[in-house]
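S.K.: What follows is start24.cif, mmCIF, C-alpha atoms and all ligand atoms.
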```cif
data_final
#
loop_
_atom_site.label_atom_id
_atom_site.label_comp_id
_atom_site.auth_asym_id
_atom_site.auth_seq_id
_atom_site.Cartn_x
_atom_site.Cartn_y
_atom_site.Cartn_z
CA MET A 1 14.60 -4.43 -11.26
CA ILE A 2 12.85 -1.06 -10.77
CA SER A 3 15.07 1.67 -9.47
CA LEU A 4 14.07 5.27 -8.87
CA ASP A 5 17.06 7.43 -7.99
CA ASN A 6 16.38 10.88 -6.60
CA VAL A 7 13.21 11.28 -8.64
CA SER A 8 11.39 14.60 -8.32
CA LYS A 9 8.39 15.89 -10.20
CA THR A 10 7.07 19.43 -10.30
CA TYR A 11 3.86 20.31 -12.12
CA GLY A 12 3.76 23.80 -13.59
CA SER A 13 6.14 26.59 -12.78
CA GLY A 14 6.33 29.84 -10.86
CA PRO A 15 4.18 30.54 -7.82
CA GLY A 16 1.54 27.96 -8.85
CA ALA A 17 4.02 25.09 -9.19
CA VAL A 18 3.21 21.87 -7.33
CA GLN A 19 6.12 19.75 -6.18
CA ALA A 20 4.41 16.36 -6.33
CA LEU A 21 7.50 14.17 -5.77
CA LYS A 22 10.60 15.10 -3.81
CA ASP A 23 13.84 13.09 -4.09
CA ILE A 24 12.28 9.65 -4.23
CA ASP A 25 14.68 6.72 -3.90
CA LEU A 26 12.92 3.41 -4.37
CA GLN A 27 14.22 -0.04 -5.26
CA VAL A 28 11.91 -2.89 -6.20
CA PRO A 29 13.84 -6.18 -6.57
CA LYS A 30 12.95 -8.62 -9.34
CA GLY A 31 9.97 -10.84 -8.62
CA THR A 32 8.73 -8.89 -5.60
CA ILE A 33 5.44 -7.10 -4.98
CA HIS A 34 5.95 -3.60 -3.64
CA GLY A 35 3.08 -1.44 -2.46
CA VAL A 36 3.06 2.31 -2.01
CA ILE A 37 0.41 3.84 0.21
CA GLY A 38 -0.36 7.42 1.11
CA LEU A 39 -3.17 9.85 1.70
CA SER A 40 -5.03 11.49 -1.18
CA GLY A 41 -2.77 13.99 -2.94
CA ALA A 42 0.42 12.54 -1.44
CA GLY A 43 1.87 11.78 -4.88
CA LYS A 44 1.06 8.08 -5.43
CA SER A 45 -0.31 8.40 -8.97
CA THR A 46 2.49 10.71 -9.95
CA LEU A 47 5.00 8.21 -8.61
CA ILE A 48 3.67 5.25 -10.55
CA ARG A 49 3.23 7.29 -13.73
CA CYS A 50 6.85 8.40 -13.46
CA VAL A 51 8.00 4.75 -13.53
CA ASN A 52 6.97 4.22 -17.16
CA LEU A 53 7.39 7.91 -17.94
CA LEU A 54 3.70 8.57 -18.57
CA GLU A 55 4.83 11.57 -16.52
CA ARG A 56 8.41 12.61 -17.16
CA PRO A 57 10.26 13.26 -13.88
CA SER A 58 11.63 16.78 -13.48
CA ALA A 59 14.82 15.31 -12.03
CA GLY A 60 16.33 11.93 -11.20
CA ARG A 61 16.71 8.57 -12.94
CA VAL A 62 14.29 5.73 -13.64
CA VAL A 63 15.96 2.40 -14.38
CA ILE A 64 14.05 -0.76 -15.26
CA ASP A 65 15.91 -4.01 -15.70
CA GLY A 66 19.20 -2.17 -16.16
CA GLN A 67 17.85 0.23 -18.80
CA GLU A 68 17.64 3.90 -17.92
CA LEU A 69 14.28 5.08 -19.25
CA THR A 70 15.00 8.71 -18.38
CA ALA A 71 17.96 8.70 -20.79
CA MET A 72 16.04 7.29 -23.79
CA ASP A 73 14.79 9.03 -26.91
CA ALA A 74 11.12 8.63 -27.87
CA ALA A 75 11.64 5.55 -30.08
CA ALA A 76 13.71 3.67 -27.49
CA LEU A 77 11.20 4.59 -24.82
CA ARG A 78 8.30 3.21 -26.88
CA GLN A 79 10.21 -0.06 -27.14
CA ALA A 80 11.14 -0.12 -23.44
CA ARG A 81 7.54 0.48 -22.38
CA HIS A 82 6.73 -3.04 -23.60
CA GLN A 83 8.62 -4.19 -20.49
CA CYS A 84 6.10 -2.39 -18.36
CA GLY A 85 2.42 -3.41 -18.25
CA MET A 86 -0.02 -1.17 -16.44
CA ILE A 87 -3.52 -1.54 -15.03
CA PHE A 88 -5.81 1.21 -13.78
CA GLN A 89 -8.64 1.76 -11.32
CA HIS A 90 -11.21 2.19 -14.10
CA PHE A 91 -9.81 -0.56 -16.37
CA ASN A 92 -9.47 1.66 -19.49
CA LEU A 93 -10.81 -0.97 -21.89
CA LEU A 94 -11.95 -0.17 -25.41
CA THR A 95 -15.72 -0.54 -25.32
CA ASN A 96 -16.12 -1.31 -29.03
CA ARG A 97 -13.69 -4.25 -28.92
CA THR A 98 -14.36 -7.74 -27.62
CA VAL A 99 -12.44 -9.21 -24.70
CA TYR A 100 -10.16 -11.06 -27.16
CA ASP A 101 -9.55 -7.93 -29.23
CA ASN A 102 -8.80 -5.79 -26.16
CA VAL A 103 -6.12 -8.26 -25.06
CA ALA A 104 -4.80 -8.54 -28.62
CA LEU A 105 -4.47 -4.77 -29.08
CA PRO A 106 -0.91 -4.26 -27.77
CA LEU A 107 0.28 -7.13 -29.97
CA GLU A 108 -1.46 -5.67 -33.03
CA LEU A 109 0.27 -2.35 -32.33
CA MET A 110 3.58 -4.21 -32.16
CA GLY A 111 2.84 -5.64 -35.62
CA GLN A 112 2.58 -9.29 -34.52
CA SER A 113 0.99 -11.84 -36.86
CA ARG A 114 -2.55 -13.13 -36.27
CA GLN A 115 -1.11 -16.54 -35.44
CA THR A 116 1.33 -15.14 -32.80
CA ILE A 117 -1.45 -13.01 -31.36
CA ARG A 118 -3.71 -16.03 -31.01
CA GLU A 119 -0.97 -18.10 -29.39
CA ARG A 120 -0.32 -15.32 -26.87
CA VAL A 121 -3.89 -14.19 -26.14
CA LEU A 122 -5.66 -17.52 -25.58
CA PRO A 123 -3.38 -18.71 -22.72
CA LEU A 124 -3.69 -15.29 -21.10
CA LEU A 125 -7.48 -15.47 -21.24
CA GLU A 126 -7.24 -18.96 -19.76
CA MET A 127 -4.93 -17.80 -16.97
CA THR A 128 -7.14 -14.85 -16.06
CA GLY A 129 -10.31 -16.99 -16.02
CA LEU A 130 -11.86 -15.42 -19.13
CA ALA A 131 -11.73 -18.36 -21.55
CA ASP A 132 -15.53 -18.32 -21.91
CA LYS A 133 -15.75 -14.54 -22.36
CA THR A 134 -13.58 -14.04 -25.45
CA ALA A 135 -16.40 -12.76 -27.69
CA GLN A 136 -18.08 -10.53 -25.10
CA TYR A 137 -17.81 -6.75 -24.94
CA PRO A 138 -16.71 -4.82 -21.80
CA ALA A 139 -20.27 -3.62 -21.16
CA GLN A 140 -21.31 -7.26 -20.66
CA LEU A 141 -18.71 -7.85 -17.93
CA SER A 142 -18.58 -7.27 -14.18
CA GLY A 143 -15.95 -4.94 -12.70
CA GLY A 144 -13.78 -7.86 -11.65
CA GLN A 145 -13.99 -9.42 -15.13
CA LYS A 146 -13.07 -6.08 -16.71
CA GLN A 147 -10.00 -5.85 -14.49
CA ARG A 148 -9.08 -9.41 -15.53
CA VAL A 149 -9.23 -8.33 -19.18
CA ALA A 150 -7.03 -5.34 -18.32
CA ILE A 151 -4.54 -7.65 -16.58
CA ALA A 152 -4.46 -10.04 -19.56
CA ARG A 153 -3.94 -7.06 -21.89
CA ALA A 154 -1.13 -5.72 -19.68
CA LEU A 155 0.59 -9.11 -19.85
CA ALA A 156 0.24 -9.50 -23.62
CA SER A 157 3.57 -7.88 -24.43
CA GLN A 158 5.27 -10.18 -21.87
CA PRO A 159 6.40 -7.38 -19.59
CA LYS A 160 8.84 -7.83 -16.74
CA VAL A 161 7.05 -5.27 -14.60
CA LEU A 162 3.38 -4.71 -13.84
CA LEU A 163 2.30 -1.29 -12.53
CA CYS A 164 -1.04 -1.21 -10.75
CA ASP A 165 -2.69 2.18 -10.21
CA GLU A 166 -5.39 1.66 -7.53
CA ALA A 167 -6.35 -1.52 -9.40
CA THR A 168 -8.88 -2.72 -6.85
CA SER A 169 -10.25 0.58 -5.59
CA ALA A 170 -13.40 0.37 -7.74
CA LEU A 171 -14.15 -3.22 -6.72
CA ASP A 172 -16.13 -4.75 -3.84
CA PRO A 173 -14.18 -6.64 -1.15
CA GLN A 174 -14.85 -10.12 -2.57
CA THR A 175 -13.86 -9.15 -6.11
CA THR A 176 -10.83 -7.32 -4.71
CA ALA A 177 -9.76 -10.54 -3.01
CA SER A 178 -10.04 -12.52 -6.25
CA ILE A 179 -8.05 -9.92 -8.23
CA LEU A 180 -5.36 -9.89 -5.52
CA THR A 181 -5.17 -13.69 -5.69
CA LEU A 182 -4.73 -13.44 -9.45
CA LEU A 183 -1.95 -10.86 -9.10
CA GLN A 184 -0.23 -13.09 -6.56
CA GLU A 185 -0.47 -16.10 -8.92
CA ILE A 186 0.96 -14.04 -11.78
CA ASN A 187 3.79 -12.85 -9.56
CA GLN A 188 4.63 -16.41 -8.57
CA ARG A 189 4.09 -18.16 -11.93
CA LEU A 190 5.71 -15.56 -14.17
CA GLY A 191 8.18 -14.07 -11.68
CA LEU A 192 6.69 -10.69 -12.56
CA THR A 193 7.79 -7.67 -10.52
CA ILE A 194 4.74 -5.71 -9.34
CA LEU A 195 4.62 -2.12 -8.14
CA LEU A 196 1.21 -1.04 -6.95
CA ILE A 197 -0.19 2.08 -5.41
CA THR A 198 -3.19 1.93 -3.18
CA HIS A 199 -4.87 3.65 -0.28
CA GLU A 200 -6.05 0.28 1.04
CA MET A 201 -3.94 -1.32 3.76
CA GLU A 202 -5.80 -4.58 3.11
CA VAL A 203 -4.15 -4.78 -0.34
CA VAL A 204 -0.71 -4.25 1.18
CA LYS A 205 -1.34 -6.77 3.93
CA THR A 206 -2.63 -9.41 1.51
CA ILE A 207 -0.07 -9.46 -1.28
CA CYS A 208 2.85 -7.08 -0.81
CA HIS A 209 6.34 -8.08 0.29
CA ARG A 210 7.41 -4.51 0.95
CA VAL A 211 5.58 -1.24 1.39
CA GLY A 212 6.50 2.40 1.01
CA LEU A 213 4.60 5.26 2.62
CA ILE A 214 4.48 8.52 0.73
CA SER A 215 3.59 11.81 2.39
CA ASP A 216 3.60 15.20 0.73
CA GLY A 217 5.73 13.87 -2.13
CA ARG A 218 8.35 12.21 0.08
CA LEU A 219 8.88 8.53 0.72
CA VAL A 220 8.82 8.59 4.52
CA GLU A 221 8.89 4.82 5.11
CA ASP A 222 10.02 1.83 3.08
CA ALA A 223 9.94 -1.47 4.92
CA ASP A 224 9.09 -5.18 4.86
CA VAL A 225 5.34 -5.53 5.24
CA GLY A 226 5.74 -7.52 8.48
CA ASP A 227 7.96 -4.78 9.95
CA PHE A 228 5.68 -1.99 8.80
CA PHE A 229 2.58 -3.57 10.29
CA THR A 230 4.23 -4.44 13.56
CA ALA A 231 6.35 -1.31 14.05
CA PRO A 232 5.63 1.59 11.68
CA GLY A 233 8.40 4.15 11.87
CA THR A 234 6.30 7.32 11.58
CA GLN A 235 3.16 8.76 13.14
CA LEU A 236 1.49 8.65 9.71
CA GLY A 237 2.33 4.94 9.46
CA ARG A 238 0.79 4.38 12.90
CA ASP A 239 -2.30 6.36 11.87
CA PHE A 240 -2.72 4.13 8.77
CA LEU A 241 -2.30 1.05 10.93
CA ASN A 242 -4.72 2.19 13.63
CA ASP A 243 -7.24 3.16 11.01
CA PHE A 244 -6.89 -0.23 9.33
CA LEU A 245 -7.18 -2.16 12.58
CA LYS A 246 -9.95 0.20 13.73
CA LEU A 247 -8.69 0.14 17.28
CA GLU A 248 -9.84 3.41 18.73
CA ALA A 249 -10.74 4.19 22.29
CA PRO A 250 -14.52 4.17 22.95
CA GLN A 251 -16.09 7.54 22.11
CA ALA A 252 -17.26 8.11 25.69
CA LEU A 253 -13.66 7.73 26.85
CA ILE A 254 -12.25 9.97 24.09
CA GLU A 255 -14.57 12.74 25.29
CA ARG A 256 -13.12 12.42 28.80
CA LEU A 257 -9.46 12.46 27.66
CA GLU A 258 -7.35 15.38 28.84
CA PRO A 259 -3.98 16.15 27.28
CA GLU A 260 -2.13 16.77 30.56
CA SER A 261 -1.65 14.39 33.46
CA GLY A 262 -2.45 15.49 37.02
CA GLU A 263 -2.37 14.08 40.52
CA SER A 264 -5.91 12.73 40.10
CA THR A 265 -5.70 11.35 36.54
CA HIS A 266 -4.97 7.95 34.97
CA PRO A 267 -3.13 7.57 31.66
CA VAL A 268 -4.86 5.82 28.76
CA VAL A 269 -2.37 4.07 26.51
CA ARG A 270 -2.39 2.31 23.17
CA LEU A 271 0.11 -0.55 23.06
CA THR A 272 1.26 -2.13 19.81
CA PHE A 273 3.22 -5.30 20.23
CA SER A 274 4.50 -7.94 17.88
CA GLY A 275 6.06 -11.37 17.75
CA ASP A 276 7.68 -12.25 21.03
CA SER A 277 6.45 -9.42 23.22
CA VAL A 278 3.28 -10.93 24.55
CA ALA A 279 0.92 -8.60 26.32
CA THR A 280 -0.64 -10.72 29.03
CA PRO A 281 2.48 -11.47 31.16
CA LEU A 282 3.39 -7.83 30.80
CA ILE A 283 0.07 -6.67 32.17
CA SER A 284 0.31 -8.97 35.19
CA ARG A 285 3.90 -7.82 35.73
CA LEU A 286 2.81 -4.17 35.74
CA ALA A 287 0.15 -4.98 38.30
CA ARG A 288 2.59 -6.98 40.45
CA GLU A 289 5.58 -4.65 40.32
CA HIS A 290 3.84 -1.29 40.41
CA GLY A 291 0.69 -2.13 42.32
CA ILE A 292 -1.57 -0.74 39.58
CA ASP A 293 -4.72 -2.11 37.98
CA VAL A 294 -4.83 -2.33 34.21
CA SER A 295 -8.24 -1.95 32.66
CA ILE A 296 -8.21 -3.31 29.10
CA LEU A 297 -10.65 -1.26 27.01
CA GLN A 298 -10.02 -2.74 23.55
CA ALA A 299 -7.73 -5.47 22.23
CA LYS A 300 -7.11 -7.10 18.89
CA VAL A 301 -4.66 -9.63 17.45
CA GLU A 302 -3.89 -9.91 13.71
CA SER A 303 -1.68 -12.25 11.76
CA ILE A 304 0.30 -10.37 9.11
CA GLN A 305 2.30 -12.60 6.76
CA GLY A 306 2.92 -15.12 9.52
CA ARG A 307 3.73 -12.55 12.20
CA THR A 308 1.54 -11.69 15.12
CA LEU A 309 0.49 -8.15 15.74
CA GLY A 310 -1.42 -7.13 18.84
CA LEU A 311 -3.02 -3.85 19.76
CA MET A 312 -4.50 -2.89 23.07
CA ILE A 313 -6.02 0.22 24.58
CA ALA A 314 -5.80 0.23 28.36
CA GLU A 315 -6.23 2.53 31.31
CA LEU A 316 -3.46 2.33 33.92
CA MET A 317 -5.11 2.81 37.29
CA GLY A 318 -2.98 3.81 40.26
CA SER A 319 -1.41 6.81 41.93
CA ALA A 320 0.44 9.35 39.77
CA SER A 321 3.85 7.97 40.75
CA GLN A 322 2.76 4.34 40.27
CA THR A 323 1.45 4.98 36.77
CA ARG A 324 4.57 7.02 35.87
CA GLN A 325 6.76 4.09 36.85
CA ALA A 326 4.48 1.64 35.04
CA LEU A 327 4.77 3.73 31.87
CA ALA A 328 8.57 3.75 32.17
CA THR A 329 8.52 -0.05 32.53
CA LEU A 330 6.27 -0.38 29.46
CA GLU A 331 8.56 1.82 27.42
CA SER A 332 11.54 -0.38 28.27
CA PHE A 333 9.84 -3.30 26.48
CA ASP A 334 9.90 -4.10 22.80
CA LEU A 335 6.55 -2.54 22.04
CA HIS A 336 5.17 0.79 20.96
CA VAL A 337 3.52 2.82 23.71
CA GLU A 338 1.37 5.80 22.86
CA VAL A 339 -0.27 7.83 25.63
CA LEU A 340 -3.65 8.84 24.21
CA GLY A 341 -4.41 11.15 27.13
CA HIS A 342 -5.47 11.14 30.74
CA VAL A 343 -8.81 10.63 32.44
CA GLN A 344 -9.91 11.86 35.85
CA ARG A 345 -10.02 9.09 38.42
CA THR A 346 -13.51 8.07 39.34
CA ASP A 347 -12.51 6.00 42.43
N1 LIG B 401 -1.39 17.16 -14.00
C1 LIG B 401 -1.22 17.83 -12.86
N2 LIG B 401 -1.04 19.17 -12.85
C2 LIG B 401 -0.87 19.86 -11.70
N3 LIG B 401 -0.85 19.27 -10.47
C3 LIG B 401 -1.04 17.95 -10.41
C4 LIG B 401 -1.24 17.17 -11.59
N4 LIG B 401 -1.39 15.86 -11.22
C5 LIG B 401 -1.30 15.84 -9.87
N5 LIG B 401 -1.07 17.09 -9.37
C6 LIG B 401 -0.89 17.47 -7.97
O1 LIG B 401 0.22 16.72 -7.47
C7 LIG B 401 -0.02 16.28 -6.13
C8 LIG B 401 0.04 14.76 -6.09
O2 LIG B 401 -1.04 14.23 -6.83
P1 LIG B 401 -1.24 12.67 -7.11
O3 LIG B 401 -2.43 12.52 -8.00
O4 LIG B 401 0.04 12.08 -7.55
O5 LIG B 401 -1.58 12.17 -5.62
P2 LIG B 401 -2.26 10.80 -5.17
O6 LIG B 401 -1.54 10.39 -3.93
O7 LIG B 401 -2.27 9.83 -6.28
O8 LIG B 401 -3.73 11.26 -4.81
P3 LIG B 401 -5.14 10.44 -4.99
O9 LIG B 401 -5.05 9.24 -4.06
O10 LIG B 401 -6.16 11.44 -4.54
O11 LIG B 401 -5.24 10.06 -6.43
C9 LIG B 401 -1.38 16.85 -5.73
O12 LIG B 401 -1.15 18.06 -5.06
C10 LIG B 401 -2.05 17.10 -7.08
O13 LIG B 401 -2.98 18.15 -6.97
#
```
Show how you would write the structure in this file as structure tokens.
Ligand SMILES: Nc1ncnc2c1ncn2[C@@H]1O[C@H](COP(=O)(O)OP(=O)(O)OP(=O)(O)O)[C@@H](O)[C@H]1O

M.R.:
Amino acid sequence: MISLDNVSKTYGSGPGAVQALKDIDLQVPKGTIHGVIGLSGAGKSTLIRCVNLLERPSAGRVVIDGQELTAMDAAALRQARHQCGMIFQHFNLLTNRTVYDNVALPLELMGQSRQTIRERVLPLLEMTGLADKTAQYPAQLSGGQKQRVAIARALASQPKVLLCDEATSALDPQTTASILTLLQEINQRLGLTILLITHEMEVVKTICHRVGLISDGRLVEDADVGDFFTAPGTQLGRDFLNDFLKLEAPQALIERLEPESGESTHPVVRLTFSGDSVATPLISRLAREHGIDVSILQAKVESIQGRTLGLMIAELMGSASQTRQALATLESFDLHVEVLGHVQRTD
């Protein structure tokens, strides 16, 4: 449905040029919700703005529903943009228009009759929970209600694709949850394809089917959400996950961590395991087979789209050779092992 082929975008030219996107290949199948996350400045906004050509890519092709937008002249592009609704972090509503008139605006611009506009706008206001707000002005609405108006407006031209640019970043957690539920309902009821950019893993976890990770203008991961959350393929992906799950070693321990192992140190490891690899039998096996003690410092289990994800920070306590062998055993299992450092033995 949405296909970006080798899309690059450079702002400016010469020594001051910024290469914001580098050879992005991204496919979003019809009816799916695809999230793109990344750190500030990674290129998320540029990416989403290149999909409807609010920013024209410097190279590459953008194809939506079989139509190549990058090959269109201005008139054809104006027409094709009706296939693509967009919502923004700060809603971008017209303050001097009522809720009804904001939603009606794209249809007015398309030259639709008052009757058609009414028939289109009222069900959208109903669907977005704004039926009793039609005559109000944006200033009289909460942030969540404003975003609902923006969603209804984006759907007015009956697009096949909805682009969401940090759509919940200005909202509190409860309002975010209600907007995400609405987006999910729209996706299911209308079969709408949704591409969203966000810096919030919670958004990805809650509604996305797939997720891409963008870093310094490159798409460095693109995976099913369950796979990404259980086994991110890059260090940046793991950093996002650890940050989201907030599973860090206690500060007092971090201060004692040394980068190198020695004869009198114990390794501290972070284990990420999913699905079938269950931690508890593993821990008792390590103790049994290698004669070590495992001190569990932090542990957490999450359910991500029906799949179980566990994280644990543990200190492996034994002689240097015992803990080396225990680490080798751990690494032979279907889990991610990260040695955070080493602490001096206190026994
Ligand atoms: N209009 C512009 N002119 C020049 N450089 C730009 C322009 N827009 C963005 N950039 C640069 O392109 C890079 C990517 O920016 P972009 O806004 O796409 O990142 P982002 O991931 O959306 O960041 P944030 O989460 O902070 O909004 C950054 O280095 C940014 O400074």

S.K.: Any residue with an atom at most 9 Å from ligand LIG 401 (chain B) counts, using all atoms listed in the file. Which are they? Put them as a PyMOL selection string.

M.R.: chain A and resi 9-12+16-21+37-49+55+165-166+197-199+214-217

S.K.: Find the spatial neighbours of Gly144 of chain A, counting all atoms listed in the file, within a cut-off of 9 Å - ignore same-chain residues fewer than 6 positions away - and output them as an mmCIF file with C-alpha atoms, in the coordinates of the input.

M.R.:
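Once written, out-v3.cif looks like this:
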```cif
data_model
loop_
_atom_site.group_PDB
_atom_site.id
_atom_site.type_symbol
_atom_site.label_atom_id
_atom_site.label_comp_id
_atom_site.auth_asym_id
_atom_site.auth_seq_id
_atom_site.Cartn_x
_atom_site.Cartn_y
_atom_site.Cartn_z
ATOM 1 C CA THR A 168 -8.880 -2.720 -6.850
ATOM 2 C CA LEU A 171 -14.150 -3.220 -6.720
ATOM 3 C CA ASP A 172 -16.130 -4.750 -3.840
ATOM 4 C CA THR A 175 -13.860 -9.150 -6.110
ATOM 5 C CA THR A 176 -10.830 -7.320 -4.710
ATOM 6 C CA SER A 178 -10.040 -12.520 -6.250
ATOM 7 C CA ILE A 179 -8.050 -9.920 -8.230
#
```

S.K.: Pick the closest to Asn102 of chain A from A:Arg153, A:Ser58, A:Ile296, A:Gln147: which is it, counting only C-alpha atoms?

M.R.: A:Arg153

S.K.: Using all atoms listed in the file, which of A:Arg118, A:His342, A:His34, A:Lys146 sits nearest Ile87 of chain A?

M.R.: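 Counting all atoms listed in the file, the residue closest to Ile87 of chain A is A:Lys146.
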
S.K.: Which is closer to Lys30 of chain A than all the others in A:Arg345, A:His90, A:Lys160, A:Lys246, using all atoms listed in the file?

M.R.: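 Nearest candidate to Lys30 of chain A out of A:Arg345, A:His90, A:Lys160, A:Lys246: A:Lys160.
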
S.K.: Please, what distance in Å, to one decimal, runs between atom CA of Gln344 of chain A and atom CA of Ser295 of chain A?

M.R.: 14.3 Å

S.K.: Do you have the atom CA of Phe333 of chain A-atom CA of Met312 of chain A distance handy?

M.R.: 14.7 Å

S.K.: I want to know what sits within 7 Å of segment 227-230 of chain A, based on all atoms listed in the file, with residues of the same chain fewer than 2 positions away left out; could you give that as a ChimeraX atom specification?

M.R.: /A:223-225,232,241,273-274,309

S.K.: If I take atom CA of Pro57 of chain A and atom CA of Pro15 of chain A, how far is one from the other in Å, to one decimal?

M.R.: 19.3 Å

S.K.: Which neighbours of Leu297 of chain A fall inside 12 Å, counting all atoms listed in the file, when residues of the same chain fewer than 2 positions from it are skipped, and could you give them as a PyMOL selection string?

M.R.: chain A and resi 247-254+268-271+294-295+299-300+311-316

S.K.: Select all residues near (-1.3, -4.0, -2.5) (cut-off 9 Å, inclusive, file coordinates), counting all atoms listed in the file, and output them as a list in words.

M.R.: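 Returned residue set, sorted by chain then number, is Ile33, His34, Gly35, Val36, Ile37, Cys164, Glu166, Ala167, Thr168, Leu180, Leu195, Leu196, Ile197, Thr198, His199, Glu200, Met201, Glu202, Val203, Val204, Lys205, Thr206, Ile207, Cys208 and Val211 of chain A.
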
S.K.: The selected residues should be written to file as a short mmCIF file (atom, residue, chain, number, x, y, z; two decimals), keeping the file's coordinate frame (atoms: C-alpha atoms).

M.R.:
```cif
data_model
loop_
_atom_site.label_atom_id
_atom_site.label_comp_id
_atom_site.auth_asym_id
_atom_site.auth_seq_id
_atom_site.Cartn_x
_atom_site.Cartn_y
_atom_site.Cartn_z
CA ILE A 33 5.44 -7.10 -4.98
CA HIS A 34 5.95 -3.60 -3.64
CA GLY A 35 3.08 -1.44 -2.46
CA VAL A 36 3.06 2.31 -2.01
CA ILE A 37 0.41 3.84 0.21
CA CYS A 164 -1.04 -1.21 -10.75
CA GLU A 166 -5.39 1.66 -7.53
CA ALA A 167 -6.35 -1.52 -9.40
CA THR A 168 -8.88 -2.72 -6.85
CA LEU A 180 -5.36 -9.89 -5.52
CA LEU A 195 4.62 -2.12 -8.14
CA LEU A 196 1.21 -1.04 -6.95
CA ILE A 197 -0.19 2.08 -5.41
CA THR A 198 -3.19 1.93 -3.18
CA HIS A 199 -4.87 3.65 -0.28
CA GLU A 200 -6.05 0.28 1.04
CA MET A 201 -3.94 -1.32 3.76
CA GLU A 202 -5.80 -4.58 3.11
CA VAL A 203 -4.15 -4.78 -0.34
CA VAL A 204 -0.71 -4.25 1.18
CA LYS A 205 -1.34 -6.77 3.93
CA THR A 206 -2.63 -9.41 1.51
CA ILE A 207 -0.07 -9.46 -1.28
CA CYS A 208 2.85 -7.08 -0.81
CA VAL A 211 5.58 -1.24 1.39
#
```

S.K.: Determine, counting only C-alpha atoms, which protein, DNA and RNA residues have an atom within 10 Å of an atom of Ala104 of chain A; residues of the same chain fewer than 4 positions away are not included. Present the result as a PDB file with C-alpha atoms, in the coordinates of the input.

M.R.:
```pdb
ATOM      1  CA  ARG A  97     -13.690  -4.250 -28.920  1.00  0.00           C
ATOM      2  CA  THR A  98     -14.360  -7.740 -27.620  1.00  0.00           C
ATOM      3  CA  VAL A  99     -12.440  -9.210 -24.700  1.00  0.00           C
ATOM      4  CA  TYR A 100     -10.160 -11.060 -27.160  1.00  0.00           C
ATOM      5  CA  GLU A 108      -1.460  -5.670 -33.030  1.00  0.00           C
ATOM      6  CA  LEU A 109       0.270  -2.350 -32.330  1.00  0.00           C
ATOM      7  CA  GLN A 112       2.580  -9.290 -34.520  1.00  0.00           C
ATOM      8  CA  ARG A 114      -2.550 -13.130 -36.270  1.00  0.00           C
ATOM      9  CA  THR A 116       1.330 -15.140 -32.800  1.00  0.00           C
ATOM     10  CA  ILE A 117      -1.450 -13.010 -31.360  1.00  0.00           C
ATOM     11  CA  ARG A 118      -3.710 -16.030 -31.010  1.00  0.00           C
ATOM     12  CA  ARG A 120      -0.320 -15.320 -26.870  1.00  0.00           C
ATOM     13  CA  VAL A 121      -3.890 -14.190 -26.140  1.00  0.00           C
ATOM     14  CA  LEU A 122      -5.660 -17.520 -25.580  1.00  0.00           C
ATOM     15  CA  ALA A 152      -4.460 -10.040 -19.560  1.00  0.00           C
ATOM     16  CA  ARG A 153      -3.940  -7.060 -21.890  1.00  0.00           C
ATOM     17  CA  ALA A 156       0.240  -9.500 -23.620  1.00  0.00           C
ATOM     18  CA  SER A 157       3.570  -7.880 -24.430  1.00  0.00           C
TER      19      SER A 157
END
```
